[in-house]
There are 2 protein chains.
Amino acid sequence: MQPNTKPARLPLNGVDTPNLMATINFVAGQPELAKFQFRAHNEWIEGTHSKTVMNGFFGAGNEQKHEKPHYADADHPAILCGADNAPTPVEWLLHGLAGCLMAGVANIAAARGIKLTRVKCSVDGDIDLRGILGISDEVRNGFQNIHVSFEIEGDAPAEKLQQLVEQSRARSAVFDVLTKGVPVTVGIKTIQ
Amino acid sequence: MQPNTKPARLPLNGVDTPNLMATINFVAGQPELAKFQFRAHNEWIEGTHSKTVMNGFFGAGNEQKHEKPHYADADHPAILCGADNAPTPVEWLLHGLAGCLMAGVANIAAARGIKLTRVKCSVDGDIDLRGILGISDEVRNGFQNIHVSFEIEGDAPAEKLQQLVEQSRARSAVFDVLTKGVPVTVGIKTIQ
C-alpha cells in the first residue's frame, strides 16, 4: 500500500490551513453538518434607507452567532432621490461577489502552498434603470451583466496564480447564485 | 378632453415624491440617462477577510460619486475557519435583497400616498456547504432557496399594504438578479 506522502500544509496567507483541511474532512464524514442557514434582519428607517443586522445563523448542527452582530445600511444615491447614507442594494451584490471570490482565492492558495502578496478585484455591473423605474417592460430590473477584474500577485507562476482565481470561481457560493439564480419566496404580514 | 385630475403627491415616508416622479418622467424622455454602472473595488486583507470601497459609479450620462466613499468588509465566521471580522459574502446578498425590497416599498408607498409607520423584513438563505467545500459535485455552491418575511404597518388596508411589497418585488433589481441570474465574466491579471 502506497503511504500518503502528500505534505501537510502549514498556515499561510492568514489561513489556518490545517484547521481548514480538518474541517473539510470532518464535514465530509458527517454531511448533515454542512447544512447552514444565513440570515439578515432589516428594518426600514426613512425614504430608501434601511438597516440590517446579521448575527445568528444555523450551521454544523447548531444555532450559531457571529462573534458580534454585524450591521449594514442600504440607501439610494441622491441622483436617484435617496439620501446616500449607504451603498445601493445592487452595489451590495457586487461587494458580496468580490468578498466571496477573494476568500476562496486565499483559502485555495493556502491549500496549494502558494503565498499571496497582494490581491485586488474590481466588480462592475451594468444596469438600465428603465426597468426598476417602470418605464419599460422590455428592460430587466437587474444587472444586465457583471464583470470582475482580478489582479493577483504571489510566489507562483502566472498559470498557478490564474488557476487560484478560476478554482475560486468554480467553488464560489455567490458566483453560483448570481449566475444561476435561486428561488426566492416572499411572505407578508400586514399590521394596520 | 378630460383634465388630469390625479392629485400631485407630496413628500411622504422620507421620500421626495415630486422629485422622484419628475426623475422618472425625465428619464422616460431620455432613455440614455437610465444607463448606470455600479462598481465595487475590493482588496484582500488576510485569510478570508477583504475590504471593499464603493464610491464612483456611472449614471445619468456622467461619472458620479457617492456623497462619501462607502466601505464594507467580508469574512468567514470562526466555524468556517475565518476571523469573523465581517458578514459572510452570502449574507451580503441577503442584505442587498432586503435593502432593495425595502427601498421599493418606501418609494411605492409614497407614490401611492400611503404613510408607512414600520416595516421590517427577515431574509433567510439555506445552503449546503458540501458544494463550496468541494465534498460533493451534486450539491450546488450557492443558496438552495431564500425566503423573505415582511412585516408592514401603515395607514392603508391590509390588501394595499400587501400590494406595496408585491409591487416592490416586481420592480426589484436585486430580486431579479437573484432569481434569474446574470452573466458574470472574470478577467485575471497576474503579477509575480
# chains A, B, ... in the order shown; residues from 1 in each chain; ligands from 1
call {"tool": "select_by_dssp", "arguments": {"residues": "chain B", "states": "alpha helix (DSSP H)", "output": "PyMOL selection string"}}
result
chain B and resi 17-29+89-111+158-170+173-180
call {"tool": "select_by_dssp", "arguments": {"residues": "chain A", "states": "strand (DSSP E)", "output": "PyMOL selection string"}}
result
chain A and resi 35-46+49-59+62-74+116-128+145-154+184-191
call {"tool": "residues_around", "arguments": {"residues": "Asn25 (chain B)", "least_positions_apart": "3", "cutoff": "12 Å", "atoms": "only C-alpha atoms", "output": "list in words"}}
result
Arg130, Leu133, Gly134 and Ile135 of chain A; Pro18, Asn19, Leu20, Met21, Ala22, Ala28, Gly29, Gln30, Pro31, Leu33 and Ala34 of chain B
call {"tool": "closest_atom_pairs", "arguments": {"of": "region 33-152 of chain A", "to": "region 62-77 of chain B", "cutoff": "10 Å", "atoms": "only C-alpha atoms", "output": "CSV"}}
result
residue,atom,partner,partner_atom,distance
A:Gln64,CA,B:Pro77,CA,9.7
A:Lys65,CA,B:Pro77,CA,8.9
A:His66,CA,B:Pro77,CA,6.6
A:Glu67,CA,B:Pro77,CA,8.0
A:Ala72,CA,B:Ala72,CA,8.3
A:His76,CA,B:His66,CA,9.6
A:Pro77,CA,B:His66,CA,6.6
A:Ala78,CA,B:His66,CA,8.1
A:Ile79,CA,B:Gln64,CA,8.8
A:Ala83,CA,B:Glu67,CA,8.9
A:Asp84,CA,B:Glu67,CA,6.5
A:Asn85,CA,B:Glu67,CA,8.3
A:Ala86,CA,B:His70,CA,6.3
A:Pro87,CA,B:His70,CA,6.2
A:Thr88,CA,B:His66,CA,9.8
A:Trp92,CA,B:Ala72,CA,9.0
A:His95,CA,B:Ala72,CA,7.8
A:Gly96,CA,B:Ala74,CA,7.5
A:Leu97,CA,B:Ala74,CA,10.0
A:Ala98,CA,B:Ala74,CA,8.8
A:Gly99,CA,B:Ala74,CA,5.4
A:Cys100,CA,B:Ala74,CA,7.9
A:Met102,CA,B:Ala74,CA,9.2
A:Ala103,CA,B:Asp75,CA,7.2
call {"tool": "atom_distance", "arguments": {"atom1": "CA of Leu178 (chain B)", "atom2": "CA of Ile188 (chain A)"}}
result
19.2 Å
call {"tool": "closest_residue", "arguments": {"among": "B:Gln144, B:Gly181, B:Asn13, B:Lys189", "to": "Ile114 (chain B)", "atoms": "only C-alpha atoms"}}
result
B:Asn13
call {"tool": "calpha_fit_and_write", "arguments": {"fixed": "chain B", "moving": "chain A", "output": "PDB file with C-alpha atoms, in the first residue's frame"}}
result
ATOM      1  CA  MET A   1     -60.138  66.488 -23.540  1.00  0.00           C
ATOM      2  CA  GLN A   2     -60.147  65.120 -20.019  1.00  0.00           C
ATOM      3  CA  PRO A   3     -57.857  67.165 -17.734  1.00  0.00           C
ATOM      4  CA  ASN A   4     -55.338  65.251 -15.624  1.00  0.00           C
ATOM      5  CA  THR A   5     -57.096  65.181 -12.281  1.00  0.00           C
ATOM      6  CA  LYS A   6     -54.612  62.845 -10.601  1.00  0.00           C
ATOM      7  CA  PRO A   7     -53.509  64.615  -7.407  1.00  0.00           C
ATOM      8  CA  ALA A   8     -49.808  65.541  -7.184  1.00  0.00           C
ATOM      9  CA  ARG A   9     -48.200  63.494  -4.418  1.00  0.00           C
ATOM     10  CA  LEU A  10     -46.472  65.275  -1.559  1.00  0.00           C
ATOM     11  CA  PRO A  11     -43.251  64.045   0.067  1.00  0.00           C
ATOM     12  CA  LEU A  12     -44.070  61.083   2.339  1.00  0.00           C
ATOM     13  CA  ASN A  13     -42.153  58.408   4.281  1.00  0.00           C
ATOM     14  CA  GLY A  14     -38.984  60.473   3.836  1.00  0.00           C
ATOM     15  CA  VAL A  15     -39.364  60.080   0.061  1.00  0.00           C
ATOM     16  CA  ASP A  16     -39.234  63.289  -2.001  1.00  0.00           C
ATOM     17  CA  THR A  17     -42.161  62.070  -4.097  1.00  0.00           C
ATOM     18  CA  PRO A  18     -42.412  65.071  -6.480  1.00  0.00           C
ATOM     19  CA  ASN A  19     -38.683  64.777  -7.213  1.00  0.00           C
ATOM     20  CA  LEU A  20     -38.984  60.997  -7.716  1.00  0.00           C
ATOM     21  CA  MET A  21     -41.890  61.428 -10.151  1.00  0.00           C
ATOM     22  CA  ALA A  22     -40.048  64.209 -12.001  1.00  0.00           C
ATOM     23  CA  THR A  23     -36.969  61.973 -12.279  1.00  0.00           C
ATOM     24  CA  ILE A  24     -39.003  59.082 -13.717  1.00  0.00           C
ATOM     25  CA  ASN A  25     -40.685  61.377 -16.261  1.00  0.00           C
ATOM     26  CA  PHE A  26     -37.356  62.938 -17.196  1.00  0.00           C
ATOM     27  CA  VAL A  27     -35.669  59.567 -17.743  1.00  0.00           C
ATOM     28  CA  ALA A  28     -38.690  58.305 -19.696  1.00  0.00           C
ATOM     29  CA  GLY A  29     -38.043  61.088 -22.199  1.00  0.00           C
ATOM     30  CA  GLN A  30     -34.270  60.459 -22.404  1.00  0.00           C
ATOM     31  CA  PRO A  31     -33.691  56.713 -22.059  1.00  0.00           C
ATOM     32  CA  GLU A  32     -29.890  57.036 -22.353  1.00  0.00           C
ATOM     33  CA  LEU A  33     -29.913  58.653 -18.902  1.00  0.00           C
ATOM     34  CA  ALA A  34     -31.093  55.331 -17.463  1.00  0.00           C
ATOM     35  CA  LYS A  35     -27.837  53.523 -18.242  1.00  0.00           C
ATOM     36  CA  PHE A  36     -25.974  53.080 -14.956  1.00  0.00           C
ATOM     37  CA  GLN A  37     -22.862  51.167 -13.945  1.00  0.00           C
ATOM     38  CA  PHE A  38     -22.230  50.393 -10.295  1.00  0.00           C
ATOM     39  CA  ARG A  39     -18.797  49.326  -9.037  1.00  0.00           C
ATOM     40  CA  ALA A  40     -17.096  47.749  -6.058  1.00  0.00           C
ATOM     41  CA  HIS A  41     -13.303  47.727  -5.578  1.00  0.00           C
ATOM     42  CA  ASN A  42     -12.101  45.029  -3.230  1.00  0.00           C
ATOM     43  CA  GLU A  43      -8.697  44.297  -1.718  1.00  0.00           C
ATOM     44  CA  TRP A  44      -7.644  41.173   0.100  1.00  0.00           C
ATOM     45  CA  ILE A  45      -6.502  41.783   3.680  1.00  0.00           C
ATOM     46  CA  GLU A  46      -5.685  38.415   5.267  1.00  0.00           C
ATOM     47  CA  GLY A  47      -7.202  34.947   5.335  1.00  0.00           C
ATOM     48  CA  THR A  48     -10.819  35.182   4.155  1.00  0.00           C
ATOM     49  CA  HIS A  49     -11.031  38.870   5.132  1.00  0.00           C
ATOM     50  CA  SER A  50     -11.277  41.542   2.431  1.00  0.00           C
ATOM     51  CA  LYS A  51     -12.365  45.169   2.199  1.00  0.00           C
ATOM     52  CA  THR A  52     -14.470  46.873  -0.470  1.00  0.00           C
ATOM     53  CA  VAL A  53     -14.871  50.522  -1.325  1.00  0.00           C
ATOM     54  CA  MET A  54     -17.913  51.677  -3.290  1.00  0.00           C
ATOM     55  CA  ASN A  55     -17.550  55.235  -4.484  1.00  0.00           C
ATOM     56  CA  GLY A  56     -17.703  56.107  -8.183  1.00  0.00           C
ATOM     57  CA  PHE A  57     -20.501  54.992 -10.471  1.00  0.00           C
ATOM     58  CA  PHE A  58     -21.779  55.982 -13.887  1.00  0.00           C
ATOM     59  CA  GLY A  59     -25.304  57.211 -14.475  1.00  0.00           C
ATOM     60  CA  ALA A  60     -27.514  59.929 -15.924  1.00  0.00           C
ATOM     61  CA  GLY A  61     -24.937  60.343 -18.689  1.00  0.00           C
ATOM     62  CA  ASN A  62     -22.006  61.165 -16.394  1.00  0.00           C
ATOM     63  CA  GLU A  63     -19.488  59.808 -13.933  1.00  0.00           C
ATOM     64  CA  GLN A  64     -20.978  60.167 -10.447  1.00  0.00           C
ATOM     65  CA  LYS A  65     -19.698  59.784  -6.921  1.00  0.00           C
ATOM     66  CA  HIS A  66     -21.399  58.849  -3.690  1.00  0.00           C
ATOM     67  CA  GLU A  67     -21.547  61.703  -1.173  1.00  0.00           C
ATOM     68  CA  LYS A  68     -18.674  59.874   0.497  1.00  0.00           C
ATOM     69  CA  PRO A  69     -16.938  56.551  -0.245  1.00  0.00           C
ATOM     70  CA  HIS A  70     -18.765  53.640   1.378  1.00  0.00           C
ATOM     71  CA  TYR A  71     -16.579  50.881   2.854  1.00  0.00           C
ATOM     72  CA  ALA A  72     -17.505  47.326   3.805  1.00  0.00           C
ATOM     73  CA  ASP A  73     -15.642  44.163   4.742  1.00  0.00           C
ATOM     74  CA  ALA A  74     -16.369  40.497   4.208  1.00  0.00           C
ATOM     75  CA  ASP A  75     -15.034  37.470   6.075  1.00  0.00           C
ATOM     76  CA  HIS A  76     -15.899  33.915   7.024  1.00  0.00           C
ATOM     77  CA  PRO A  77     -17.044  33.027  10.548  1.00  0.00           C
ATOM     78  CA  ALA A  78     -14.785  31.188  12.990  1.00  0.00           C
ATOM     79  CA  ILE A  79     -16.673  27.930  12.473  1.00  0.00           C
ATOM     80  CA  LEU A  80     -15.566  28.089   8.826  1.00  0.00           C
ATOM     81  CA  CYS A  81     -11.987  28.920   9.796  1.00  0.00           C
ATOM     82  CA  GLY A  82     -12.340  32.674   9.260  1.00  0.00           C
ATOM     83  CA  ALA A  83     -11.748  35.502  11.733  1.00  0.00           C
ATOM     84  CA  ASP A  84     -15.380  36.787  11.611  1.00  0.00           C
ATOM     85  CA  ASN A  85     -14.338  40.389  11.027  1.00  0.00           C
ATOM     86  CA  ALA A  86     -17.454  40.979   8.936  1.00  0.00           C
ATOM     87  CA  PRO A  87     -20.542  39.270   7.486  1.00  0.00           C
ATOM     88  CA  THR A  88     -20.012  36.381   5.104  1.00  0.00           C
ATOM     89  CA  PRO A  89     -20.292  37.099   1.365  1.00  0.00           C
ATOM     90  CA  VAL A  90     -23.590  35.192   1.162  1.00  0.00           C
ATOM     91  CA  GLU A  91     -25.077  37.270   3.985  1.00  0.00           C
ATOM     92  CA  TRP A  92     -24.255  40.365   1.914  1.00  0.00           C
ATOM     93  CA  LEU A  93     -26.595  39.014  -0.781  1.00  0.00           C
ATOM     94  CA  LEU A  94     -29.391  38.715   1.786  1.00  0.00           C
ATOM     95  CA  HIS A  95     -28.695  42.266   2.954  1.00  0.00           C
ATOM     96  CA  GLY A  96     -28.800  43.533  -0.645  1.00  0.00           C
ATOM     97  CA  LEU A  97     -32.138  41.814  -1.222  1.00  0.00           C
ATOM     98  CA  ALA A  98     -33.630  43.239   1.993  1.00  0.00           C
ATOM     99  CA  GLY A  99     -32.379  46.754   1.206  1.00  0.00           C
ATOM    100  CA  CYS A 100     -33.723  46.647  -2.341  1.00  0.00           C
ATOM    101  CA  LEU A 101     -37.204  45.413  -1.416  1.00  0.00           C
ATOM    102  CA  MET A 102     -37.366  47.923   1.442  1.00  0.00           C
ATOM    103  CA  ALA A 103     -36.383  50.923  -0.698  1.00  0.00           C
ATOM    104  CA  GLY A 104     -39.008  49.890  -3.223  1.00  0.00           C
ATOM    105  CA  VAL A 105     -41.718  49.593  -0.571  1.00  0.00           C
ATOM    106  CA  ALA A 106     -40.980  53.127   0.694  1.00  0.00           C
ATOM    107  CA  ASN A 107     -40.933  54.671  -2.801  1.00  0.00           C
ATOM    108  CA  ILE A 108     -44.080  52.893  -3.945  1.00  0.00           C
ATOM    109  CA  ALA A 109     -45.935  53.745  -0.715  1.00  0.00           C
ATOM    110  CA  ALA A 110     -45.038  57.420  -1.198  1.00  0.00           C
ATOM    111  CA  ALA A 111     -46.199  57.297  -4.818  1.00  0.00           C
ATOM    112  CA  ARG A 112     -49.498  55.776  -3.685  1.00  0.00           C
ATOM    113  CA  GLY A 113     -49.974  58.203  -0.791  1.00  0.00           C
ATOM    114  CA  ILE A 114     -49.656  55.521   1.882  1.00  0.00           C
ATOM    115  CA  LYS A 115     -47.935  56.527   5.113  1.00  0.00           C
ATOM    116  CA  LEU A 116     -45.752  53.758   6.527  1.00  0.00           C
ATOM    117  CA  THR A 117     -45.188  53.500  10.245  1.00  0.00           C
ATOM    118  CA  ARG A 118     -42.971  50.437  10.508  1.00  0.00           C
ATOM    119  CA  VAL A 119     -41.560  47.938   8.027  1.00  0.00           C
ATOM    120  CA  LYS A 120     -39.262  45.037   8.815  1.00  0.00           C
ATOM    121  CA  CYS A 121     -38.104  42.004   6.901  1.00  0.00           C
ATOM    122  CA  SER A 122     -36.093  38.901   7.657  1.00  0.00           C
ATOM    123  CA  VAL A 123     -34.244  37.136   4.871  1.00  0.00           C
ATOM    124  CA  ASP A 124     -33.071  33.539   5.314  1.00  0.00           C
ATOM    125  CA  GLY A 125     -30.959  31.570   2.871  1.00  0.00           C
ATOM    126  CA  ASP A 126     -30.324  27.812   3.071  1.00  0.00           C
ATOM    127  CA  ILE A 127     -27.009  26.500   1.837  1.00  0.00           C
ATOM    128  CA  ASP A 128     -25.326  23.106   1.937  1.00  0.00           C
ATOM    129  CA  LEU A 129     -21.607  23.745   2.317  1.00  0.00           C
ATOM    130  CA  ARG A 130     -20.639  20.416   0.729  1.00  0.00           C
ATOM    131  CA  GLY A 131     -20.708  22.422  -2.507  1.00  0.00           C
ATOM    132  CA  ILE A 132     -18.157  25.123  -1.716  1.00  0.00           C
ATOM    133  CA  LEU A 133     -16.040  22.751   0.374  1.00  0.00           C
ATOM    134  CA  GLY A 134     -15.626  20.552  -2.692  1.00  0.00           C
ATOM    135  CA  ILE A 135     -17.050  17.502  -0.905  1.00  0.00           C
ATOM    136  CA  SER A 136     -19.854  16.853  -3.390  1.00  0.00           C
ATOM    137  CA  ASP A 137     -20.289  17.759  -7.027  1.00  0.00           C
ATOM    138  CA  GLU A 138     -24.020  17.093  -6.753  1.00  0.00           C
ATOM    139  CA  VAL A 139     -24.569  19.936  -4.296  1.00  0.00           C
ATOM    140  CA  ARG A 140     -24.690  23.458  -5.694  1.00  0.00           C
ATOM    141  CA  ASN A 141     -22.272  26.039  -4.292  1.00  0.00           C
ATOM    142  CA  GLY A 142     -24.843  28.724  -3.569  1.00  0.00           C
ATOM    143  CA  PHE A 143     -28.088  29.078  -1.669  1.00  0.00           C
ATOM    144  CA  GLN A 144     -30.675  26.420  -2.392  1.00  0.00           C
ATOM    145  CA  ASN A 145     -33.508  28.781  -1.551  1.00  0.00           C
ATOM    146  CA  ILE A 146     -34.105  32.168   0.028  1.00  0.00           C
ATOM    147  CA  HIS A 147     -37.165  33.214   2.013  1.00  0.00           C
ATOM    148  CA  VAL A 148     -38.162  36.779   2.854  1.00  0.00           C
ATOM    149  CA  SER A 149     -40.686  37.543   5.647  1.00  0.00           C
ATOM    150  CA  PHE A 150     -42.112  41.070   5.679  1.00  0.00           C
ATOM    151  CA  GLU A 151     -43.959  42.839   8.469  1.00  0.00           C
ATOM    152  CA  ILE A 152     -45.516  46.033   7.196  1.00  0.00           C
ATOM    153  CA  GLU A 153     -47.528  48.594   9.142  1.00  0.00           C
ATOM    154  CA  GLY A 154     -49.151  51.737   7.699  1.00  0.00           C
ATOM    155  CA  ASP A 155     -52.312  53.757   7.210  1.00  0.00           C
ATOM    156  CA  ALA A 156     -53.860  51.583   4.517  1.00  0.00           C
ATOM    157  CA  PRO A 157     -55.967  48.388   4.412  1.00  0.00           C
ATOM    158  CA  ALA A 158     -54.066  45.090   4.602  1.00  0.00           C
ATOM    159  CA  GLU A 159     -54.587  44.466   0.892  1.00  0.00           C
ATOM    160  CA  LYS A 160     -52.990  47.805  -0.052  1.00  0.00           C
ATOM    161  CA  LEU A 161     -50.031  47.221   2.265  1.00  0.00           C
ATOM    162  CA  GLN A 162     -49.535  43.756   0.806  1.00  0.00           C
ATOM    163  CA  GLN A 163     -49.589  45.210  -2.714  1.00  0.00           C
ATOM    164  CA  LEU A 164     -46.709  47.535  -1.792  1.00  0.00           C
ATOM    165  CA  VAL A 165     -44.468  44.563  -1.092  1.00  0.00           C
ATOM    166  CA  GLU A 166     -45.696  42.743  -4.197  1.00  0.00           C
ATOM    167  CA  GLN A 167     -45.026  45.728  -6.443  1.00  0.00           C
ATOM    168  CA  SER A 168     -41.611  46.250  -4.850  1.00  0.00           C
ATOM    169  CA  ARG A 169     -40.737  42.628  -5.598  1.00  0.00           C
ATOM    170  CA  ALA A 170     -41.996  43.039  -9.168  1.00  0.00           C
ATOM    171  CA  ARG A 171     -39.624  46.002  -9.711  1.00  0.00           C
ATOM    172  CA  SER A 172     -36.667  44.957  -7.548  1.00  0.00           C
ATOM    173  CA  ALA A 173     -33.260  44.901  -9.219  1.00  0.00           C
ATOM    174  CA  VAL A 174     -31.826  42.530  -6.615  1.00  0.00           C
ATOM    175  CA  PHE A 175     -34.829  40.176  -6.632  1.00  0.00           C
ATOM    176  CA  ASP A 176     -34.484  39.980 -10.422  1.00  0.00           C
ATOM    177  CA  VAL A 177     -30.755  39.204 -10.307  1.00  0.00           C
ATOM    178  CA  LEU A 178     -31.061  36.635  -7.514  1.00  0.00           C
ATOM    179  CA  THR A 179     -34.005  34.777  -9.048  1.00  0.00           C
ATOM    180  CA  LYS A 180     -33.014  34.932 -12.704  1.00  0.00           C
ATOM    181  CA  GLY A 181     -29.234  35.182 -12.637  1.00  0.00           C
ATOM    182  CA  VAL A 182     -26.942  37.420 -14.665  1.00  0.00           C
ATOM    183  CA  PRO A 183     -23.906  36.699 -16.876  1.00  0.00           C
ATOM    184  CA  VAL A 184     -20.669  37.252 -14.919  1.00  0.00           C
ATOM    185  CA  THR A 185     -17.291  37.414 -16.684  1.00  0.00           C
ATOM    186  CA  VAL A 186     -13.940  37.270 -14.874  1.00  0.00           C
ATOM    187  CA  GLY A 187     -10.651  38.727 -16.123  1.00  0.00           C
ATOM    188  CA  ILE A 188      -7.317  37.937 -14.423  1.00  0.00           C
ATOM    189  CA  LYS A 189      -4.040  39.839 -14.457  1.00  0.00           C
ATOM    190  CA  THR A 190      -1.181  38.062 -12.725  1.00  0.00           C
ATOM    191  CA  ILE A 191       1.874  39.709 -11.154  1.00  0.00           C
ATOM    192  CA  GLN A 192       4.855  37.680  -9.933  1.00  0.00           C
TER     193      GLN A 192
END
